[in-house]
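Everything below belongs to my_file-v3.pdb, which stores PDB, C-alpha atoms.
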ATOM      1  CA  MET A   1       0.000   0.000   0.000
ATOM      2  CA  PRO A   2       1.465   3.423  -0.896
ATOM      3  CA  PHE A   3       2.208   5.995   1.763
ATOM      4  CA  THR A   4      -0.510   8.555   2.460
ATOM      5  CA  GLU A   5      -0.611  11.424   4.910
ATOM      6  CA  LYS A   6      -3.136  11.319   7.747
ATOM      7  CA  LEU A   7      -5.545  13.925   9.061
ATOM      8  CA  LEU A   8      -4.350  16.324  11.737
ATOM      9  CA  THR A   9      -6.797  18.047  14.071
ATOM     10  CA  VAL A  10      -5.857  20.516  16.776
ATOM     11  CA  PRO A  11      -8.176  20.607  19.803
ATOM     12  CA  PRO A  12      -7.757  23.531  22.212
ATOM     13  CA  PRO A  13      -5.139  23.324  24.973
ATOM     14  CA  ILE A  14      -6.088  21.823  28.328
ATOM     15  CA  GLU A  15      -4.503  21.884  31.769
ATOM     16  CA  VAL A  16      -3.349  18.563  33.248
ATOM     17  CA  ALA A  17      -1.387  18.117  36.474
ATOM     18  CA  GLY A  18      -0.409  21.789  36.537
ATOM     19  CA  ARG A  19       0.878  21.807  32.940
ATOM     20  CA  TRP A  20      -0.638  23.415  29.853
ATOM     21  CA  ILE A  21      -1.100  20.802  27.135
ATOM     22  CA  LYS A  22      -1.253  21.681  23.443
ATOM     23  CA  ARG A  23      -2.979  18.834  21.581
ATOM     24  CA  TYR A  24      -2.553  17.306  18.142
ATOM     25  CA  HIS A  25      -4.698  14.383  16.999
ATOM     26  CA  VAL A  26      -3.635  12.219  14.052
ATOM     27  CA  THR A  27      -5.886   9.667  12.358
ATOM     28  CA  ALA A  28      -6.899   8.402   8.941
ATOM     29  CA  ASP A  29     -10.544   8.421  10.075
ATOM     30  CA  PRO A  30     -12.399  11.646   9.115
ATOM     31  CA  GLU A  31     -14.671  11.058  12.139
ATOM     32  CA  GLY A  32     -11.683  11.461  14.467
ATOM     33  CA  PHE A  33     -11.193   9.509  17.669
ATOM     34  CA  ALA A  34     -13.713   7.329  19.412
ATOM     35  CA  PRO A  35     -14.511   9.152  22.684
ATOM     36  CA  GLU A  36     -13.454   6.165  24.795
ATOM     37  CA  VAL A  37      -9.993   6.057  23.161
ATOM     38  CA  GLU A  38      -9.436   9.791  23.677
ATOM     39  CA  LYS A  39     -10.639   9.535  27.298
ATOM     40  CA  ALA A  40      -8.333   6.578  28.018
ATOM     41  CA  ALA A  41      -5.346   8.352  26.457
ATOM     42  CA  TYR A  42      -5.800  11.531  28.466
ATOM     43  CA  ALA A  43      -6.329   9.489  31.647
ATOM     44  CA  VAL A  44      -2.776   8.106  31.343
ATOM     45  CA  LEU A  45      -1.253  11.498  30.442
ATOM     46  CA  PRO A  46      -0.325  12.563  34.026
ATOM     47  CA  GLU A  47       2.002   9.528  34.218
ATOM     48  CA  LEU A  48       3.922  10.805  31.169
ATOM     49  CA  LEU A  49       4.655  14.285  32.507
ATOM     50  CA  PRO A  50       7.904  15.332  34.226
ATOM     51  CA  GLU A  51       8.221  16.955  37.610
ATOM     52  CA  PRO A  52       8.254  20.784  37.588
ATOM     53  CA  ASP A  53      11.738  22.265  37.232
ATOM     54  CA  GLY A  54      11.047  26.001  36.939
ATOM     55  CA  THR A  55      10.538  25.925  33.162
ATOM     56  CA  PRO A  56       7.117  27.296  32.181
ATOM     57  CA  PRO A  57       4.792  24.277  32.466
ATOM     58  CA  ALA A  58       4.081  23.507  28.811
ATOM     59  CA  THR A  59       3.669  20.205  26.983
ATOM     60  CA  PHE A  60       2.418  19.212  23.569
ATOM     61  CA  VAL A  61       0.941  15.813  22.848
ATOM     62  CA  VAL A  62       0.307  13.826  19.720
ATOM     63  CA  LEU A  63      -2.550  11.326  20.011
ATOM     64  CA  HIS A  64      -2.396   8.974  17.029
ATOM     65  CA  ARG A  65      -4.755   6.223  15.958
ATOM     66  CA  GLY A  66      -2.985   3.669  13.797
ATOM     67  CA  GLY A  67      -4.458   1.816  10.849
ATOM     68  CA  ASP A  68      -4.957  -1.280  12.999
ATOM     69  CA  ASP A  69      -5.958  -1.524  16.676
ATOM     70  CA  GLY A  70      -3.092   0.676  17.865
ATOM     71  CA  ALA A  71      -3.430   4.024  19.604
ATOM     72  CA  TYR A  72      -0.447   6.089  20.708
ATOM     73  CA  LEU A  73       0.032   9.057  23.009
ATOM     74  CA  ASN A  74       3.319  10.958  22.796
ATOM     75  CA  ALA A  75       3.895  13.695  25.365
ATOM     76  CA  TYR A  76       6.679  16.209  24.742
ATOM     77  CA  SER A  77       7.254  18.486  27.751
ATOM     78  CA  TRP A  78       9.531  21.490  27.900
ATOM     79  CA  VAL A  79      12.116  21.166  30.701
ATOM     80  CA  TRP A  80      15.462  22.712  31.560
ATOM     81  CA  ASP A  81      14.346  25.847  29.667
ATOM     82  CA  ASN A  82      14.928  24.451  26.138
ATOM     83  CA  VAL A  83      14.865  20.638  26.232
ATOM     84  CA  LEU A  84      12.074  18.208  25.344
ATOM     85  CA  HIS A  85      11.225  15.485  27.851
ATOM     86  CA  PHE A  86       9.447  12.538  26.202
ATOM     87  CA  GLY A  87       6.843  10.243  27.714
ATOM     88  CA  GLY A  88       4.856   7.778  25.647
ATOM     89  CA  ALA A  89       2.018   5.302  25.995
ATOM     90  CA  ALA A  90       0.498   2.819  23.569
ATOM     91  CA  ALA A  91      -2.632   0.695  23.430
ATOM     92  CA  GLY A  92      -3.723  -2.209  21.244
ATOM     93  CA  GLN A  93      -0.250  -2.857  19.792
ATOM     94  CA  PRO A  94       1.283  -6.152  20.991
ATOM     95  CA  VAL A  95       4.580  -5.392  19.190
ATOM     96  CA  LEU A  96       5.103  -2.558  21.703
ATOM     97  CA  GLY A  97       4.319  -4.715  24.733
ATOM     98  CA  CYS A  98       0.591  -4.018  24.945
ATOM     99  CA  PRO A  99      -1.132  -6.991  26.620
ATOM    100  CA  ASP A 100      -4.098  -6.984  24.209
ATOM    101  CA  ARG A 101      -5.565  -5.254  21.143
ATOM    102  CA  ASP A 102      -7.836  -2.951  23.176
ATOM    103  CA  PRO A 103      -7.225   0.650  21.968
ATOM    104  CA  THR A 104      -8.269   1.998  25.375
ATOM    105  CA  HIS A 105      -5.785  -0.096  27.427
ATOM    106  CA  PHE A 106      -2.737   2.223  27.447
ATOM    107  CA  VAL A 107       0.621   1.017  28.796
ATOM    108  CA  ARG A 108       4.181   2.365  28.713
ATOM    109  CA  PRO A 109       5.885   0.706  25.705
ATOM    110  CA  GLY A 110       9.293  -0.916  25.903
ATOM    111  CA  PRO A 111      11.135   0.554  22.885
ATOM    112  CA  PRO A 112      12.460   4.116  23.339
ATOM    113  CA  TRP A 113      10.768   5.386  20.164
ATOM    114  CA  ILE A 114       9.668   9.035  20.032
ATOM    115  CA  GLY A 115       7.255   8.991  17.103
ATOM    116  CA  CYS A 116       6.515   7.806  13.591
ATOM    117  CA  VAL A 117       6.359   9.849  10.384
ATOM    118  CA  TRP A 118       2.745  10.911  11.082
ATOM    119  CA  GLU A 119       3.522  11.963  14.663
ATOM    120  CA  LEU A 120       6.638  14.058  13.998
ATOM    121  CA  PRO A 121       5.327  17.168  12.137
ATOM    122  CA  PRO A 122       4.235  18.971  15.338
ATOM    123  CA  ILE A 123       7.779  18.730  16.754
ATOM    124  CA  LEU A 124       9.241  21.151  14.201
ATOM    125  CA  HIS A 125       6.386  23.612  14.669
ATOM    126  CA  GLU A 126       6.610  23.422  18.457
ATOM    127  CA  ARG A 127      10.370  23.931  18.443
ATOM    128  CA  ASP A 128       9.976  27.114  16.412
ATOM    129  CA  ALA A 129       7.007  28.309  18.505
ATOM    130  CA  TRP A 130       9.008  27.772  21.745
ATOM    131  CA  VAL A 131      11.883  29.848  20.410
ATOM    132  CA  ARG A 132       9.541  32.513  19.009
ATOM    133  CA  HIS A 133       7.505  33.029  22.194
ATOM    134  CA  MET A 134       9.584  31.746  25.102
ATOM    135  CA  LEU A 135      13.298  32.109  24.318
ATOM    136  CA  ALA A 136      13.720  34.976  21.825
ATOM    137  CA  PRO A 137      11.582  37.730  23.451
ATOM    138  CA  ASP A 138      12.819  39.799  26.381
ATOM    139  CA  ALA A 139      10.106  38.149  28.487
ATOM    140  CA  PRO A 140       8.595  34.695  27.831
ATOM    141  CA  ASP A 141       4.944  34.729  26.713
ATOM    142  CA  LEU A 142       3.311  31.414  27.610
ATOM    143  CA  ASP A 143      -0.123  32.546  26.381
ATOM    144  CA  ALA A 144       1.315  33.365  22.937
ATOM    145  CA  TYR A 145       3.076  29.989  22.860
ATOM    146  CA  LEU A 146      -0.153  28.143  23.710
ATOM    147  CA  ALA A 147      -2.024  30.026  20.980
ATOM    148  CA  ASP A 148       0.624  29.246  18.328
ATOM    149  CA  ARG A 149      -0.502  25.838  17.047
ATOM    150  CA  LEU A 150       0.161  23.937  13.846
ATOM    151  CA  PRO A 151      -2.855  24.450  11.561
ATOM    152  CA  GLU A 152      -5.253  21.581  11.011
ATOM    153  CA  GLY A 153      -5.051  19.698   7.748
ATOM    154  CA  THR A 154      -2.826  16.737   7.035
ATOM    155  CA  THR A 155       0.358  15.544   8.680
ATOM    156  CA  GLY A 156       2.428  16.557   5.654
ATOM    157  CA  ASP A 157       2.269  18.329   2.337
ATOM    158  CA  ARG A 158       2.770  21.690   4.092
ATOM    159  CA  SER A 159       5.394  23.247   1.832
TER     160      SER A 159
END
Do you think you could lay out the structure here as structure tokens?
Amino acid sequence: MPFTEKLLTVPPPIEVAGRWIKRYHVTADPEGFAPEVEKAAYAVLPELLPEPDGTPPATFVVLHRGGDDGAYLNAYSWVWDNVLHFGGAAAGQPVLGCPDRDPTHFVRPGPPWIGCVWELPPILHERDAWVRHMLAPDAPDLDAYLADRLPEGTTGDRS
């Protein structure tokens, strides 16, 4: 089967465990995520977040529904002023150590993978947004950073 980009939606930020979370959802399904999968993913999110270290409490997540039973939650949190901390969870993907094919049963996977080709586009945008709003100005602007989100569309074909 030839490679195709997936759909990218961008729900509004939420606050979880004292951190602001920018959200990106990736799926091939135009209907988006089943509510129970989204709920299960965000229930495990607090386990993926680092302890506060004085860096403004900001994280971006990519919730991805694979073409099979798999569902993936990648959490990228800003720490140490300019470093990304990664925490990931997967459901329904036995290759990653999931105990079953249930897309709502999230566990911490074994391999230290940080994302697939459909999950990586937000990283470039978020890097540039962090520099633009948090590092380059005289004073960091967390509200401007949270408002600066990758536009909805597809995961690629953005040139």
Rounded to one decimal place, report the CA of Val26 in chain A-CA of Pro111 in chain A distance in Å.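 Going from CA of Val26 in chain A over to CA of Pro111 in chain A, I get 20.8 Å.
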The PyMOL selection byres ((chain A and resi 118-120) around 7) on the file shown: which residues, as a list in words? Lys6, Val62, Gly115, Cys116, Val117, Pro121, Pro122, Ile123 and Thr155 of chain A
Give as a list in words the residues that the PyMOL selection byres ((chain A and resi 37-44) around 7) matches when applied to the coordinates above.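 On this input, the PyMOL selection byres ((chain A and resi 37-44) around 7) captures Phe33, Ala34, Pro35, Glu36, Leu45, Pro46, Glu47, Leu73, Pro103, Thr104 and Phe106 of chain A.
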Evaluate the PyMOL selection byres ((chain A and resi 81-86) around 9) here and jot the selected residues down as a list in words. Leu48, Leu49, Pro50, Asp53, Gly54, Thr55, Pro56, Thr59, Asn74, Ala75, Tyr76, Ser77, Trp78, Val79, Trp80, Gly87, Gly88, Ile114, Arg127, Trp130, Val131, Met134 and Leu135 of chain A
Quick one, how far is CA of Gly66 in chain A from CA of Ala89 in chain A?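 Distance between the two atoms: 13.3 Å.
Taking CA of Ala71 in chain A as the reference point, CA of Glu51 in chain A is found at 25.0 Å.
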Which residue is closest to Gly110 in chain A? Choose from A:Glu31, A:Asp143, A:Ala90, A:Ala129 and count all atoms listed in the file.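 When distances to Gly110 in chain A are compared using all atoms listed in the file, the smallest one comes from A:Ala90.
Compared by their closest atoms to Val16 in chain A, and using only C-alpha atoms, the residues A:Gly32, A:Val61, A:Phe3, A:Asp148 rank with A:Val61 nearest.
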Pick out the residues sitting within 9 Å of Pro13 in chain A, and hand them over as an MDAnalysis selection string; count all atoms listed in the file, and ignore anything fewer than 4 positions along from it in its own chain. chainID A and resid 20:23 60 146:147
Of the candidates A:Ala91, A:Ala58, A:Leu7, A:Leu124, which shows the shortest atom-to-atom distance to Ala144 in chain A, using all atoms listed in the file?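 Looking only at the distances to Ala144 in chain A, the closest residue turns out to be A:Ala58.
If only C-alpha atoms are the atoms counted, then among A:Tyr72, A:Glu152, A:Pro12, A:Asp138 the closest residue to Arg108 in chain A is A:Tyr72.
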Smallest atom-to-atom distance to Gly70 in chain A: which of A:Arg19, A:His105, A:His25, A:His125, using all atoms listed in the file?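 Between A:Arg19, A:His105, A:His25, A:His125, the residue approaching Gly70 in chain A most closely is A:His105.
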Please rebuild range 15-34 of chain A with N, CA, C and O atoms and give the result as a compact mmCIF listing (two decimals), in the frame of the given file.
# COMPACT_ATOMS: atom_id res chain seq x y z
N GLU A 15 -5.44 21.92 30.65
CA GLU A 15 -4.50 21.88 31.77
C GLU A 15 -4.59 20.51 32.43
O GLU A 15 -5.68 20.02 32.73
N VAL A 16 -3.43 19.88 32.62
CA VAL A 16 -3.35 18.56 33.25
C VAL A 16 -2.17 18.58 34.22
O VAL A 16 -1.05 18.93 33.84
N ALA A 17 -2.43 18.23 35.45
CA ALA A 17 -1.39 18.12 36.47
C ALA A 17 -0.51 19.37 36.54
O ALA A 17 0.71 19.29 36.69
N GLY A 18 -1.14 20.54 36.43
CA GLY A 18 -0.41 21.79 36.54
C GLY A 18 0.37 22.19 35.29
O GLY A 18 1.13 23.15 35.33
N ARG A 19 0.19 21.47 34.19
CA ARG A 19 0.88 21.81 32.94
C ARG A 19 -0.15 22.15 31.88
O ARG A 19 -1.23 21.56 31.84
N TRP A 20 0.20 23.10 31.00
CA TRP A 20 -0.64 23.42 29.85
C TRP A 20 -0.28 22.46 28.73
O TRP A 20 0.90 22.30 28.39
N ILE A 21 -1.29 21.83 28.15
CA ILE A 21 -1.10 20.80 27.14
C ILE A 21 -1.68 21.26 25.80
O ILE A 21 -2.90 21.46 25.67
N LYS A 22 -0.80 21.44 24.81
CA LYS A 22 -1.25 21.68 23.44
C LYS A 22 -1.49 20.30 22.81
O LYS A 22 -0.70 19.37 23.03
N ARG A 23 -2.59 20.17 22.05
CA ARG A 23 -2.98 18.83 21.58
C ARG A 23 -3.03 18.76 20.06
O ARG A 23 -3.57 19.64 19.40
N TYR A 24 -2.48 17.65 19.56
CA TYR A 24 -2.55 17.31 18.14
C TYR A 24 -3.10 15.90 18.04
O TYR A 24 -2.61 14.99 18.73
N HIS A 25 -4.10 15.71 17.21
CA HIS A 25 -4.70 14.38 17.00
C HIS A 25 -4.46 13.97 15.55
O HIS A 25 -4.72 14.75 14.63
N VAL A 26 -3.97 12.75 15.37
CA VAL A 26 -3.64 12.22 14.05
C VAL A 26 -4.42 10.93 13.83
O VAL A 26 -4.36 10.01 14.66
N THR A 27 -5.13 10.87 12.70
CA THR A 27 -5.89 9.67 12.36
C THR A 27 -6.21 9.67 10.87
O THR A 27 -6.25 10.74 10.25
N ALA A 28 -6.44 8.51 10.33
CA ALA A 28 -6.90 8.40 8.94
C ALA A 28 -8.42 8.52 8.87
O ALA A 28 -8.98 8.74 7.80
N ASP A 29 -9.09 8.41 10.01
CA ASP A 29 -10.54 8.42 10.07
C ASP A 29 -11.08 9.86 10.11
O ASP A 29 -10.82 10.60 11.08
N PRO A 30 -11.84 10.28 9.10
CA PRO A 30 -12.40 11.65 9.12
C PRO A 30 -13.31 11.92 10.31
O PRO A 30 -13.54 13.08 10.65
N GLU A 31 -13.82 10.88 10.95
CA GLU A 31 -14.67 11.06 12.14
C GLU A 31 -13.85 11.36 13.39
O GLU A 31 -14.41 11.70 14.43
N GLY A 32 -12.53 11.20 13.31
CA GLY A 32 -11.68 11.46 14.47
C GLY A 32 -11.59 10.27 15.40
O GLY A 32 -11.73 9.13 14.98
N PHE A 33 -11.39 10.55 16.66
CA PHE A 33 -11.19 9.51 17.67
C PHE A 33 -12.49 9.09 18.31
O PHE A 33 -13.36 9.93 18.58
N ALA A 34 -12.60 7.81 18.59
CA ALA A 34 -13.71 7.33 19.41
C ALA A 34 -13.55 7.97 20.79
O ALA A 34 -12.43 8.03 21.32
